[in-house]
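Coordinates as given in work23.cif (mmCIF, C-alpha atoms):
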data_final
#
loop_
_atom_site.label_atom_id
_atom_site.label_comp_id
_atom_site.auth_asym_id
_atom_site.auth_seq_id
_atom_site.Cartn_x
_atom_site.Cartn_y
_atom_site.Cartn_z
CA MET B 227 5.15 -1.68 28.49
CA VAL B 228 1.41 -1.01 28.36
CA THR B 229 -1.45 -2.34 26.26
CA ILE B 230 -3.86 0.46 25.30
CA THR B 231 -7.51 -0.49 24.91
CA ILE B 232 -10.01 2.02 23.51
CA GLN B 233 -13.66 1.06 23.86
CA HIS B 234 -16.53 2.78 22.01
CA LEU B 235 -14.88 6.19 22.36
CA THR B 236 -17.18 8.98 21.17
CA LYS B 237 -16.67 12.74 21.09
CA ARG B 238 -18.83 15.57 19.78
CA PHE B 239 -17.96 19.22 19.30
CA ALA B 240 -20.91 21.61 18.87
CA GLY B 241 -23.13 18.69 17.94
CA ASN B 242 -20.71 17.34 15.33
CA VAL B 243 -19.43 13.80 15.85
CA VAL B 244 -15.62 13.95 15.77
CA LEU B 245 -15.00 10.42 17.10
CA SER B 246 -17.63 7.78 16.41
CA ALA B 247 -17.56 4.75 18.75
CA ILE B 248 -13.84 4.05 18.26
CA ASP B 249 -12.68 0.54 19.23
CA LEU B 250 -8.94 -0.12 19.08
CA VAL B 251 -6.29 -2.18 20.86
CA ILE B 252 -2.61 -1.14 20.73
CA ASP B 253 -0.35 -3.93 21.90
CA GLN B 254 2.39 -3.41 24.48
CA GLY B 255 5.66 -2.20 22.98
CA GLU B 256 3.98 -1.44 19.66
CA LEU B 257 4.75 1.60 17.51
CA PHE B 258 1.25 2.27 16.20
CA PHE B 259 0.28 4.90 13.64
CA LEU B 260 -2.96 6.83 13.19
CA LEU B 261 -3.13 7.87 9.57
CA GLY B 262 -5.74 9.94 7.79
CA PRO B 263 -6.61 13.24 6.12
CA SER B 264 -6.82 16.53 8.01
CA GLY B 265 -9.93 16.70 10.17
CA CYS B 266 -10.47 12.93 10.37
CA GLY B 267 -10.18 12.85 14.18
CA LYS B 268 -6.72 11.38 14.68
CA THR B 269 -5.32 14.23 16.81
CA THR B 270 -8.55 14.35 18.82
CA LEU B 271 -8.11 10.66 19.60
CA LEU B 272 -4.49 11.24 20.62
CA ARG B 273 -5.51 14.06 22.95
CA HIS B 274 -8.02 11.78 24.64
CA LEU B 275 -5.23 9.30 25.36
CA ALA B 276 -3.12 12.13 26.80
CA GLY B 277 -6.01 13.25 29.03
CA PHE B 278 -6.38 16.70 27.46
CA LEU B 279 -9.94 15.87 26.36
CA GLN B 280 -12.73 13.89 27.99
CA PRO B 281 -14.99 11.67 25.84
CA ASP B 282 -18.76 11.90 25.71
CA ALA B 283 -18.87 8.10 25.87
CA GLY B 284 -16.47 5.18 26.02
CA LYS B 285 -13.35 4.15 27.96
CA ILE B 286 -9.58 4.21 27.72
CA LEU B 287 -7.63 1.47 29.49
CA PHE B 288 -3.88 1.24 30.09
CA ASP B 289 -3.54 -2.48 30.74
CA GLU B 290 -6.41 -3.12 33.17
CA GLN B 291 -6.51 0.44 34.56
CA ASP B 292 -9.34 2.71 33.43
CA VAL B 293 -7.60 6.06 32.85
CA THR B 294 -10.53 7.83 31.16
CA ALA B 295 -11.00 10.33 34.00
CA ILE B 296 -7.39 10.44 35.24
CA PRO B 297 -5.67 13.84 34.70
CA PRO B 298 -2.77 14.06 32.21
CA HIS B 299 0.08 14.29 34.73
CA LEU B 300 -0.99 11.05 36.42
CA ARG B 301 -1.27 8.92 33.27
CA GLN B 302 2.45 8.20 32.81
CA THR B 303 2.36 9.42 29.22
CA GLY B 304 4.87 11.55 27.35
CA MET B 305 3.59 13.90 24.64
CA MET B 306 5.48 15.34 21.70
CA PHE B 307 3.70 18.14 19.89
CA GLN B 308 3.85 19.16 16.24
CA SER B 309 5.11 22.64 17.19
CA TYR B 310 7.58 21.20 19.77
CA ALA B 311 6.22 23.76 22.31
CA LEU B 312 9.70 24.66 23.59
CA TRP B 313 10.29 27.74 25.77
CA PRO B 314 12.89 30.04 24.15
CA HIS B 315 13.79 31.74 27.46
CA LEU B 316 14.85 28.41 29.01
CA SER B 317 17.95 26.37 28.30
CA VAL B 318 17.82 22.94 26.71
CA ALA B 319 18.14 21.26 30.11
CA GLU B 320 15.46 23.48 31.65
CA ASN B 321 13.07 22.63 28.81
CA VAL B 322 13.69 18.93 29.25
CA ALA B 323 13.32 19.16 33.04
CA PHE B 324 9.91 20.86 32.93
CA GLY B 325 7.84 17.70 33.43
CA LEU B 326 9.98 16.60 36.36
CA GLU B 327 9.76 20.06 37.94
CA GLU B 328 5.97 19.86 37.71
CA ARG B 329 6.14 16.48 39.45
CA LYS B 330 8.34 18.05 42.18
CA ARG B 331 11.14 15.52 41.84
CA PRO B 332 14.37 16.08 43.86
CA ARG B 333 17.02 18.29 42.21
CA ASP B 334 19.69 15.59 41.94
CA GLU B 335 17.20 13.18 40.36
CA ILE B 336 16.15 15.83 37.86
CA GLU B 337 19.74 16.52 36.83
CA HIS B 338 20.47 12.80 36.43
CA ARG B 339 17.34 12.08 34.38
CA VAL B 340 17.78 15.15 32.16
CA ALA B 341 21.33 14.07 31.34
CA GLU B 342 20.06 10.55 30.67
CA ALA B 343 17.30 11.82 28.34
CA LEU B 344 19.68 14.09 26.41
CA ASN B 345 22.03 11.16 25.97
CA MET B 346 19.17 9.05 24.58
CA VAL B 347 18.54 11.59 21.80
CA ASP B 348 22.23 12.26 21.06
CA LEU B 349 22.34 15.72 22.65
CA ARG B 350 24.92 14.90 25.32
CA GLY B 351 26.59 18.01 26.75
CA MET B 352 24.16 20.47 25.15
CA GLY B 353 22.00 21.14 28.20
CA SER B 354 23.27 24.69 28.71
CA ARG B 355 22.44 25.88 25.20
CA ARG B 356 19.51 28.13 24.37
CA ILE B 357 16.77 26.90 22.05
CA GLN B 358 17.60 29.62 19.49
CA GLN B 359 21.10 28.17 19.15
CA LEU B 360 19.78 24.83 17.92
CA SER B 361 18.91 23.60 14.44
CA GLY B 362 15.41 22.39 13.67
CA GLY B 363 16.51 18.78 14.03
CA GLN B 364 18.12 19.48 17.41
CA GLN B 365 14.99 21.25 18.65
CA GLN B 366 13.00 18.19 17.62
CA ARG B 367 15.32 16.03 19.71
CA VAL B 368 14.88 18.34 22.72
CA ALA B 369 11.10 17.93 22.43
CA LEU B 370 11.55 14.16 22.27
CA ALA B 371 13.88 14.21 25.32
CA ARG B 372 11.29 16.21 27.27
CA ALA B 373 8.68 13.55 26.49
CA LEU B 374 11.05 10.73 27.47
CA VAL B 375 12.48 12.23 30.67
CA VAL B 376 9.33 11.42 32.67
CA ARG B 377 9.90 7.75 31.78
CA PRO B 378 6.46 7.31 30.25
CA LYS B 379 4.76 4.00 29.75
CA VAL B 380 3.05 5.49 26.69
CA LEU B 381 4.63 7.89 24.19
CA LEU B 382 2.24 10.08 22.17
CA LEU B 383 3.51 11.87 19.05
CA ASP B 384 1.47 14.41 17.09
CA GLU B 385 3.03 14.85 13.60
CA PRO B 386 6.48 15.44 15.18
CA LEU B 387 8.43 15.51 11.91
CA SER B 388 6.22 17.81 9.84
CA ASN B 389 8.45 20.88 10.42
CA LEU B 390 11.70 19.20 9.33
CA ASP B 391 13.25 19.10 5.88
CA ALA B 392 13.29 15.84 3.93
CA ARG B 393 16.79 14.75 5.02
CA LEU B 394 16.12 15.32 8.72
CA ARG B 395 12.75 13.57 8.49
CA LEU B 396 14.46 10.44 7.19
CA GLU B 397 17.09 10.62 9.93
CA MET B 398 14.57 11.09 12.73
CA ARG B 399 12.27 8.30 11.54
CA SER B 400 14.87 5.68 12.38
CA GLU B 401 15.88 7.55 15.56
CA ILE B 402 12.36 7.61 16.99
CA ARG B 403 11.78 3.96 16.16
CA ARG B 404 15.14 3.01 17.73
CA ILE B 405 14.34 4.83 20.97
CA CYS B 406 10.85 3.34 21.22
CA LYS B 407 12.13 -0.20 20.70
CA GLU B 408 15.21 0.08 22.92
CA HIS B 409 13.14 1.39 25.83
CA GLY B 410 10.08 -0.80 25.35
CA LEU B 411 7.64 2.06 24.84
CA THR B 412 4.10 1.68 23.63
CA ALA B 413 3.81 4.58 21.18
CA LEU B 414 0.93 6.15 19.28
CA TYR B 415 2.05 8.34 16.39
CA VAL B 416 -0.31 10.64 14.47
CA THR B 417 0.55 11.62 10.91
CA HIS B 418 -0.90 12.23 7.47
CA ASP B 419 2.37 11.09 5.88
CA ARG B 420 1.90 7.50 4.70
CA GLU B 421 5.64 7.04 4.10
CA GLU B 422 6.31 7.72 7.79
CA ALA B 423 3.65 5.25 8.80
CA MET B 424 4.80 2.53 6.41
CA SER B 425 8.52 2.86 7.13
CA MET B 426 8.24 3.12 10.94
CA GLY B 427 5.04 1.48 12.10
CA ASP B 428 4.41 -2.01 13.44
CA ARG B 429 0.75 -1.49 12.61
CA LEU B 430 -1.43 1.40 11.51
CA ALA B 431 -5.05 2.49 11.46
CA ILE B 432 -6.60 4.59 8.72
CA MET B 433 -9.19 7.08 9.98
CA ASP B 434 -11.82 8.98 8.05
CA ALA B 435 -14.66 11.18 9.32
CA GLY B 436 -14.17 10.10 12.93
CA LYS B 437 -14.18 6.38 12.20
CA ILE B 438 -11.47 3.75 11.88
CA ILE B 439 -11.63 2.38 8.34
CA GLN B 440 -8.93 -0.27 8.56
CA VAL B 441 -6.27 -1.61 10.95
CA GLY B 442 -3.31 -3.75 9.97
CA HIS B 443 0.35 -4.17 9.13
CA PRO B 444 1.50 -1.48 6.64
CA MET B 445 2.06 -4.01 3.84
CA ASP B 446 -1.32 -5.65 4.39
CA VAL B 447 -3.17 -2.33 4.32
CA TYR B 448 -1.25 -1.23 1.21
CA ARG B 449 -1.90 -4.45 -0.67
CA ASN B 450 -5.40 -5.09 0.68
CA PRO B 451 -7.14 -1.76 1.31
CA ALA B 452 -10.63 -2.09 2.74
CA ASN B 453 -12.24 0.48 0.44
CA ARG B 454 -11.58 3.13 -2.18
CA MET B 455 -10.58 5.77 0.40
CA ALA B 456 -8.01 3.46 2.00
CA ALA B 457 -6.62 2.47 -1.41
CA GLU B 458 -6.12 6.09 -2.46
CA PHE B 459 -4.78 7.27 0.87
CA MET B 460 -2.11 4.58 1.12
CA GLY B 461 -0.58 5.53 -2.22
CA GLU B 462 -1.30 6.28 -5.84
CA THR B 463 -3.59 3.78 -7.48
CA ASN B 464 -5.54 3.34 -10.69
CA LEU B 465 -9.28 2.97 -10.09
CA ILE B 466 -11.32 1.28 -12.81
CA GLU B 467 -15.07 0.90 -12.49
CA GLY B 468 -16.73 -2.27 -13.67
CA THR B 469 -19.43 -4.91 -13.21
CA LEU B 470 -18.75 -8.37 -11.88
CA MET B 471 -19.40 -11.04 -14.50
CA ARG B 472 -18.53 -14.37 -12.91
CA ASP B 473 -16.17 -16.30 -10.72
CA THR B 474 -13.48 -18.34 -12.45
CA SER B 475 -11.91 -21.77 -12.29
CA ARG B 476 -9.11 -20.15 -10.25
CA ILE B 477 -10.36 -20.10 -6.66
CA GLY B 478 -10.74 -16.57 -5.31
CA LEU B 479 -10.50 -14.84 -8.71
CA PHE B 480 -13.36 -13.11 -10.53
CA ASP B 481 -13.86 -11.61 -13.99
CA VAL B 482 -15.01 -8.00 -14.15
CA GLU B 483 -16.35 -6.24 -17.23
CA THR B 484 -14.70 -2.82 -17.66
CA SER B 485 -14.13 -0.27 -20.39
CA PHE B 486 -10.65 -1.83 -20.80
CA GLY B 487 -12.28 -5.21 -21.49
CA ILE B 488 -12.65 -8.11 -19.10
CA LEU B 489 -10.15 -7.91 -16.24
CA ARG B 490 -9.55 -10.61 -13.65
CA GLY B 491 -8.79 -9.88 -10.01
CA ARG B 492 -9.26 -10.83 -6.38
CA PRO B 493 -11.48 -9.33 -3.66
CA PHE B 494 -9.74 -7.12 -1.06
CA ASP B 495 -10.90 -9.54 1.64
CA PRO B 496 -11.52 -13.29 1.23
CA SER B 497 -14.80 -12.85 3.14
CA PHE B 498 -16.09 -10.45 0.45
CA VAL B 499 -17.71 -12.60 -2.24
CA PRO B 500 -19.07 -10.36 -5.00
CA VAL B 501 -22.07 -11.56 -6.98
CA LYS B 502 -22.83 -11.44 -10.70
CA GLY B 503 -23.98 -8.01 -11.83
CA GLN B 504 -22.59 -6.24 -8.76
CA PRO B 505 -20.98 -2.85 -9.47
CA VAL B 506 -17.37 -2.87 -8.26
CA VAL B 507 -14.21 -0.81 -8.60
CA LEU B 508 -10.80 -2.25 -9.39
CA SER B 509 -7.66 -0.86 -7.72
CA VAL B 510 -4.37 -1.43 -9.53
CA ARG B 511 -1.18 0.17 -8.18
CA PRO B 512 1.03 1.87 -10.79
CA GLU B 513 3.95 -0.47 -10.05
CA ALA B 514 1.65 -3.46 -10.73
CA LEU B 515 1.15 -2.39 -14.36
CA THR B 516 3.84 -3.36 -16.84
CA PHE B 517 4.65 -3.28 -20.54
CA LEU B 518 5.95 -6.85 -20.25
CA PRO B 519 3.83 -9.99 -20.68
CA VAL B 520 2.53 -11.57 -17.46
CA ARG B 521 2.23 -15.34 -17.44
CA ASP B 522 -1.24 -16.84 -16.87
CA SER B 523 -2.95 -13.45 -16.73
CA PRO B 524 -5.72 -12.32 -19.10
CA ASN B 525 -5.29 -8.72 -17.95
CA SER B 526 -3.95 -7.08 -21.08
CA PHE B 527 -5.09 -4.06 -23.08
CA ILE B 528 -3.82 -1.54 -25.62
CA CYS B 529 -2.78 1.99 -24.64
CA ARG B 530 -0.59 4.81 -25.87
CA ILE B 531 1.89 6.78 -23.77
CA THR B 532 0.88 10.40 -23.15
CA ASP B 533 3.56 11.49 -20.65
CA THR B 534 6.95 10.28 -19.39
CA ALA B 535 8.78 11.38 -16.22
CA TYR B 536 12.25 9.92 -15.57
CA LEU B 537 13.10 9.80 -11.84
CA GLY B 538 16.27 7.73 -11.83
CA SER B 539 15.20 4.53 -10.11
CA THR B 540 11.78 4.68 -11.76
CA VAL B 541 10.02 6.05 -14.80
CA HIS B 542 6.47 7.30 -14.32
CA TYR B 543 4.28 6.92 -17.38
CA LYS B 544 0.83 8.23 -18.11
CA VAL B 545 -0.97 5.96 -20.56
CA GLU B 546 -4.35 6.35 -22.24
CA GLY B 547 -6.58 3.46 -23.19
CA ASN B 548 -8.76 3.32 -26.28
CA ASN B 549 -11.62 4.29 -23.95
CA GLY B 550 -9.97 7.66 -23.26
CA ILE B 551 -9.22 6.79 -19.62
CA HIS B 552 -5.75 7.61 -18.29
CA LEU B 553 -3.73 5.29 -16.05
CA THR B 554 -0.39 5.66 -14.27
CA LEU B 555 2.36 3.05 -14.70
CA TYR B 556 5.68 2.90 -12.80
CA GLU B 557 8.60 1.06 -14.37
CA MET B 558 11.35 0.17 -11.89
CA ASN B 559 15.07 0.22 -12.71
CA PRO B 560 14.50 1.32 -16.31
CA HIS B 561 16.99 0.39 -19.04
CA ILE B 562 15.16 2.21 -21.81
CA ILE B 563 12.85 5.19 -21.75
CA ARG B 564 9.61 5.08 -23.73
CA HIS B 565 8.42 8.41 -25.07
CA PRO B 566 4.92 9.78 -25.65
CA GLY B 567 3.46 9.17 -29.09
CA GLU B 568 0.75 7.50 -31.12
CA GLU B 569 2.45 4.11 -31.09
CA GLU B 570 0.38 1.46 -29.39
CA VAL B 571 1.76 -0.34 -26.32
CA ARG B 572 0.30 -3.30 -24.47
CA VAL B 573 -0.21 -2.94 -20.72
CA THR B 574 -0.61 -5.99 -18.47
CA ALA B 575 -1.09 -6.84 -14.79
CA SER B 576 -1.05 -9.96 -12.67
CA THR B 577 -4.46 -11.15 -11.49
CA HIS B 578 -3.33 -10.93 -7.85
CA ASP B 579 -2.41 -7.25 -8.31
CA VAL B 580 -5.95 -6.35 -9.48
CA LEU B 581 -8.01 -5.73 -6.35
CA ILE B 582 -11.81 -5.83 -6.39
CA LEU B 583 -13.44 -3.28 -4.05
CA ARG B 584 -17.04 -2.45 -3.31
CA ARG B 585 -18.17 0.53 -5.31
#

For the file at hand, write its structure as structure tokens.
Amino acid sequence: MVTITIQHLTKRFAGNVVLSAIDLVIDQGELFFLLGPSGCGKTTLLRHLAGFLQPDAGKILFDEQDVTAIPPHLRQTGMMFQSYALWPHLSVAENVAFGLEERKRPRDEIEHRVAEALNMVDLRGMGSRRIQQLSGGQQQRVALARALVVRPKVLLLDEPLSNLDARLRLEMRSEIRRICKEHGLTALYVTHDREEAMSMGDRLAIMDAGKIIQVGHPMDVYRNPANRMAAEFMGETNLIEGTLMRDTSRIGLFDVETSFGILRGRPFDPSFVPVKGQPVVLSVRPEALTFLPVRDSPNSFICRITDTAYLGSTVHYKVEGNNGIHLTLYEMNPHIIRHPGEEEVRVTASTHDVLILRR
């Protein structure tokens, strides 16, 4: 297992800053996710770790070893690409063996390790098949076996599930996590799919415009996003602009004047202490809003339902306040369905589910 340390990593393409002084530590044996919109720099960062790109400034350390200038084949990394990059003219076993062939390992060792890698990804006995004979999920497993066969200390994955259908994606999420944990791999996984990151990752980092916005456990980042971008990227949220009025007798809670009335919430970070008159934005997740009363919370306002979508385990409602602003509300395990109409409904939220962000 390897600890990855990235220090002040900077990269420019044609004068444009793609990575801006990135600092990050990935602990040994950790399944770590880089999450962000297209073009944010996450794949560029991954390719630096693989050795395919050289930075303009900064260092990459595997444990205490500076690998910044070490070529890819000497870094003891395994890479799994979004496209799988499999050769159709080679058999499954020949595809998996490619990295070992490049390293000029003995034939009997190659055969043993290829069989071992295929067994790890549940493709035992399929080494003689052609790539065209495999399903998409099986091809994905071949690409994973090829990355694992070199026995890497670091596994790098670039959106490996994006070409699979929904059922196979769910299946392979648990499979990749199982393999990483069973074999003690430090893994860096790039994706724009927040569900992948939240269901699989030990920790994650959100990137935007070449910078790391926030690092943390998936639940912490979801519940305590560092800014508006992080809040929106980690899942649907209702954003309500307001002005801070005062702190309250409840330590850590503040009243904010909004077009829905005065709402009470908590800062995203205990070190952020907003001041009276400061413009802020409130983030309230749809599942945090409810039609039921919430004890000891002043967060209550009148709305009407404008749209209803029944999804089995949840109902998604669109509600409109008297201010004309629309919000989204999720009701879990519904027993009745409320329908759109002019009838007034009261919407409430717990104070700890109303997050105060810098505007």

Handout entry: Residue contacts of Gly427 (chain B) (8 Å, all atoms listed in the file) excluding same-chain residues fewer than 2 positions away, as a list in words
Key =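 My reading of the contact set: Leu257, Phe258, Phe259, Glu422, Ala423, Met424, Ser425, Arg429, Leu430, His443 and Pro444 of chain B.
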
Close residues, region 398-413 of chain B itself excluded, 7 Å, only C-alpha atoms, min 4 positions apart in chain, as a PDB file with C-alpha atoms, in the coordinates of the input:
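Full text of part-v6.pdb as output:
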ATOM      1  CA  MET B 227       5.150  -1.680  28.490  1.00  0.00           C
ATOM      2  CA  VAL B 228       1.410  -1.010  28.360  1.00  0.00           C
ATOM      3  CA  GLN B 254       2.390  -3.410  24.480  1.00  0.00           C
ATOM      4  CA  GLY B 255       5.660  -2.200  22.980  1.00  0.00           C
ATOM      5  CA  GLU B 256       3.980  -1.440  19.660  1.00  0.00           C
ATOM      6  CA  LEU B 257       4.750   1.600  17.510  1.00  0.00           C
ATOM      7  CA  PHE B 258       1.250   2.270  16.200  1.00  0.00           C
ATOM      8  CA  LYS B 379       4.760   4.000  29.750  1.00  0.00           C
ATOM      9  CA  VAL B 380       3.050   5.490  26.690  1.00  0.00           C
ATOM     10  CA  LEU B 381       4.630   7.890  24.190  1.00  0.00           C
ATOM     11  CA  LEU B 382       2.240  10.080  22.170  1.00  0.00           C
ATOM     12  CA  LEU B 394      16.120  15.320   8.720  1.00  0.00           C
ATOM     13  CA  MET B 426       8.240   3.120  10.940  1.00  0.00           C
TER      14      MET B 426
END

Problem - Radius query 10 Å about (-1.4, -18.6, -15.4), atoms used: all atoms listed in the file, as a list in words - result: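 Counting all atoms listed in the file, I find these residues within 10 Å of (-1.4, -18.6, -15.4): Arg476, Val520, Arg521, Asp522, Ser523, Pro524, Ser576 and Thr577 of chain B.
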
Using C-alpha atoms, can you write the selected residues to a file as a PDB file, in the frame of the given file?
ATOM      1  CA  ARG B 476      -9.110 -20.150 -10.250  1.00  0.00           C
ATOM      2  CA  VAL B 520       2.530 -11.570 -17.460  1.00  0.00           C
ATOM      3  CA  ARG B 521       2.230 -15.340 -17.440  1.00  0.00           C
ATOM      4  CA  ASP B 522      -1.240 -16.840 -16.870  1.00  0.00           C
ATOM      5  CA  SER B 523      -2.950 -13.450 -16.730  1.00  0.00           C
ATOM      6  CA  PRO B 524      -5.720 -12.320 -19.100  1.00  0.00           C
ATOM      7  CA  SER B 576      -1.050  -9.960 -12.670  1.00  0.00           C
ATOM      8  CA  THR B 577      -4.460 -11.150 -11.490  1.00  0.00           C
TER       9      THR B 577
END

Practice task
Give me the result of the PyMOL selection byres ((chain B and resi 354) around 9) on this file, residue by residue, as an MDAnalysis selection string.
Solution key: chainID B and resid 317:320 351:353 355:356

Those residues you just picked out, can you put them in a file as a CSV table (one decimal), in the frame of the given file with C-alpha atoms?
chain,number,residue,atom,x,y,z
B,317,SER,CA,18.0,26.4,28.3
B,318,VAL,CA,17.8,22.9,26.7
B,319,ALA,CA,18.1,21.3,30.1
B,320,GLU,CA,15.5,23.5,31.6
B,351,GLY,CA,26.6,18.0,26.8
B,352,MET,CA,24.2,20.5,25.2
B,353,GLY,CA,22.0,21.1,28.2
B,355,ARG,CA,22.4,25.9,25.2
B,356,ARG,CA,19.5,28.1,24.4

Output of the PyMOL selection byres ((chain B and resi 458-473) around 8), listed as a PDB file with C-alpha atoms, in the frame of the given file:
ATOM      1  CA  GLY B 262      -5.740   9.940   7.790  1.00  0.00           C
ATOM      2  CA  ARG B 420       1.900   7.500   4.700  1.00  0.00           C
ATOM      3  CA  VAL B 447      -3.170  -2.330   4.320  1.00  0.00           C
ATOM      4  CA  TYR B 448      -1.250  -1.230   1.210  1.00  0.00           C
ATOM      5  CA  ARG B 454     -11.580   3.130  -2.180  1.00  0.00           C
ATOM      6  CA  MET B 455     -10.580   5.770   0.400  1.00  0.00           C
ATOM      7  CA  ALA B 456      -8.010   3.460   2.000  1.00  0.00           C
ATOM      8  CA  ALA B 457      -6.620   2.470  -1.410  1.00  0.00           C
ATOM      9  CA  THR B 474     -13.480 -18.340 -12.450  1.00  0.00           C
ATOM     10  CA  SER B 475     -11.910 -21.770 -12.290  1.00  0.00           C
ATOM     11  CA  GLY B 478     -10.740 -16.570  -5.310  1.00  0.00           C
ATOM     12  CA  LEU B 479     -10.500 -14.840  -8.710  1.00  0.00           C
ATOM     13  CA  PHE B 480     -13.360 -13.110 -10.530  1.00  0.00           C
ATOM     14  CA  ASP B 481     -13.860 -11.610 -13.990  1.00  0.00           C
ATOM     15  CA  VAL B 482     -15.010  -8.000 -14.150  1.00  0.00           C
ATOM     16  CA  GLU B 483     -16.350  -6.240 -17.230  1.00  0.00           C
ATOM     17  CA  THR B 484     -14.700  -2.820 -17.660  1.00  0.00           C
ATOM     18  CA  SER B 485     -14.130  -0.270 -20.390  1.00  0.00           C
ATOM     19  CA  PRO B 500     -19.070 -10.360  -5.000  1.00  0.00           C
ATOM     20  CA  VAL B 501     -22.070 -11.560  -6.980  1.00  0.00           C
ATOM     21  CA  LYS B 502     -22.830 -11.440 -10.700  1.00  0.00           C
ATOM     22  CA  GLY B 503     -23.980  -8.010 -11.830  1.00  0.00           C
ATOM     23  CA  GLN B 504     -22.590  -6.240  -8.760  1.00  0.00           C
ATOM     24  CA  PRO B 505     -20.980  -2.850  -9.470  1.00  0.00           C
ATOM     25  CA  VAL B 506     -17.370  -2.870  -8.260  1.00  0.00           C
ATOM     26  CA  VAL B 507     -14.210  -0.810  -8.600  1.00  0.00           C
ATOM     27  CA  LEU B 508     -10.800  -2.250  -9.390  1.00  0.00           C
ATOM     28  CA  SER B 509      -7.660  -0.860  -7.720  1.00  0.00           C
ATOM     29  CA  VAL B 510      -4.370  -1.430  -9.530  1.00  0.00           C
ATOM     30  CA  ARG B 511      -1.180   0.170  -8.180  1.00  0.00           C
ATOM     31  CA  PRO B 512       1.030   1.870 -10.790  1.00  0.00           C
ATOM     32  CA  LEU B 553      -3.730   5.290 -16.050  1.00  0.00           C
ATOM     33  CA  THR B 554      -0.390   5.660 -14.270  1.00  0.00           C
ATOM     34  CA  ARG B 585     -18.170   0.530  -5.310  1.00  0.00           C
TER      35      ARG B 585
END

Problem - Picked residues, the PyMOL selection byres ((chain B and resi 372) around 9), expected as a count of residues only - result: 21

Practice task
Do a neighbour search on Glu513 (chain B) at 7 Å with all atoms listed in the file, toss out local chain neighbours closer than 6 positions, and write the hits as a list in words.
Solution key: Leu555, Tyr556 and Glu557 of chain B

Could those residues be written to a file, using C-alpha atoms, as a tab-separated table (two decimals), in the frame of the given file?
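Result file out_13.tsv:
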chain	number	residue	atom	x	y	z
B	555	LEU	CA	2.36	3.05	-14.70
B	556	TYR	CA	5.68	2.90	-12.80
B	557	GLU	CA	8.60	1.06	-14.37

Practice task
For CA of Asn242 (chain B) and CA of Asp419 (chain B), determine how far apart the two atoms are, in Å to one decimal place.
Solution key: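 So the answer is 25.7 Å.
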
Handout entry: Gap from CA of Gly362 (chain B) to CA of Gly265 (chain B) - Å, one decimal
Key =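 It comes out at 26.2 Å.
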
Handout entry: Nearest to Glu570 (chain B), chosen from B:Gln233, B:Ser539, B:Asn548, B:Asn525, with only C-alpha atoms counted in the distances
Key =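 Counting only C-alpha atoms, the residue closest to Glu570 (chain B) is B:Asn548.
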
Exercise for the section: Show me as a list in words the residues that reach within 10 Å of (-10.4, -0.7, 10.6), counting all atoms listed in the file and using the file's own coordinates. Expected result: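 Counting all atoms listed in the file, I find these residues within 10 Å of (-10.4, -0.7, 10.6): Ile248, Asp249, Leu250, Leu430, Ala431, Ile432, Met433, Lys437, Ile438, Ile439, Gln440, Val441, Gly442, Val447, Pro451, Ala452 and Ala456 of chain B.
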
Handout entry: Length of the CA of Thr270 (chain B) to CA of Pro314 (chain B) vector [Å]
Key =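 Separation of CA of Thr270 (chain B) and CA of Pro314 (chain B): 27.1 Å.
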
Which polymer residues have any atom within 9 Å of an atom of Val573 (chain B), counting all atoms listed in the file, with same-chain residues fewer than 2 positions away left out, as a compact mmCIF listing (two decimals) with C-alpha atoms, in the frame of the given file?
# COMPACT_ATOMS: atom_id res chain seq x y z
CA LEU B 515 1.15 -2.39 -14.36
CA THR B 516 3.84 -3.36 -16.84
CA PHE B 517 4.65 -3.28 -20.54
CA LEU B 518 5.95 -6.85 -20.25
CA PRO B 519 3.83 -9.99 -20.68
CA ASN B 525 -5.29 -8.72 -17.95
CA SER B 526 -3.95 -7.08 -21.08
CA PHE B 527 -5.09 -4.06 -23.08
CA ILE B 528 -3.82 -1.54 -25.62
CA CYS B 529 -2.78 1.99 -24.64
CA VAL B 545 -0.97 5.96 -20.56
CA LEU B 555 2.36 3.05 -14.70
CA VAL B 571 1.76 -0.34 -26.32
CA ALA B 575 -1.09 -6.84 -14.79

Handout entry: Shell around Thr294 (chain B) at 9 Å using all atoms listed in the file, local window under 2 positions removed, as a VMD selection string
Key = chain B and resid 274 to 275 277 280 to 281 284 to 287 292 296 to 297

Problem - Among the residues B:Ala240, B:Leu360, B:Leu272, B:Leu326, the one that comes closest to Arg377 (chain B) [using all atoms listed in the file] - result: B:Leu326

Problem - Residue nearest His315 (chain B) - candidates B:Glu397, B:Ala341, B:Arg492, B:Gln359, atoms counted: only C-alpha atoms - result: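 Looking at the shortest contact to His315 (chain B), the residue is B:Gln359.
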
Problem - Nearest residue to Gln365 (chain B) from the set B:Met346, B:Trp313, B:Pro332, B:Thr540 (distances using only C-alpha atoms) - result: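 Result for the nearest residue to Gln365 (chain B): B:Trp313.
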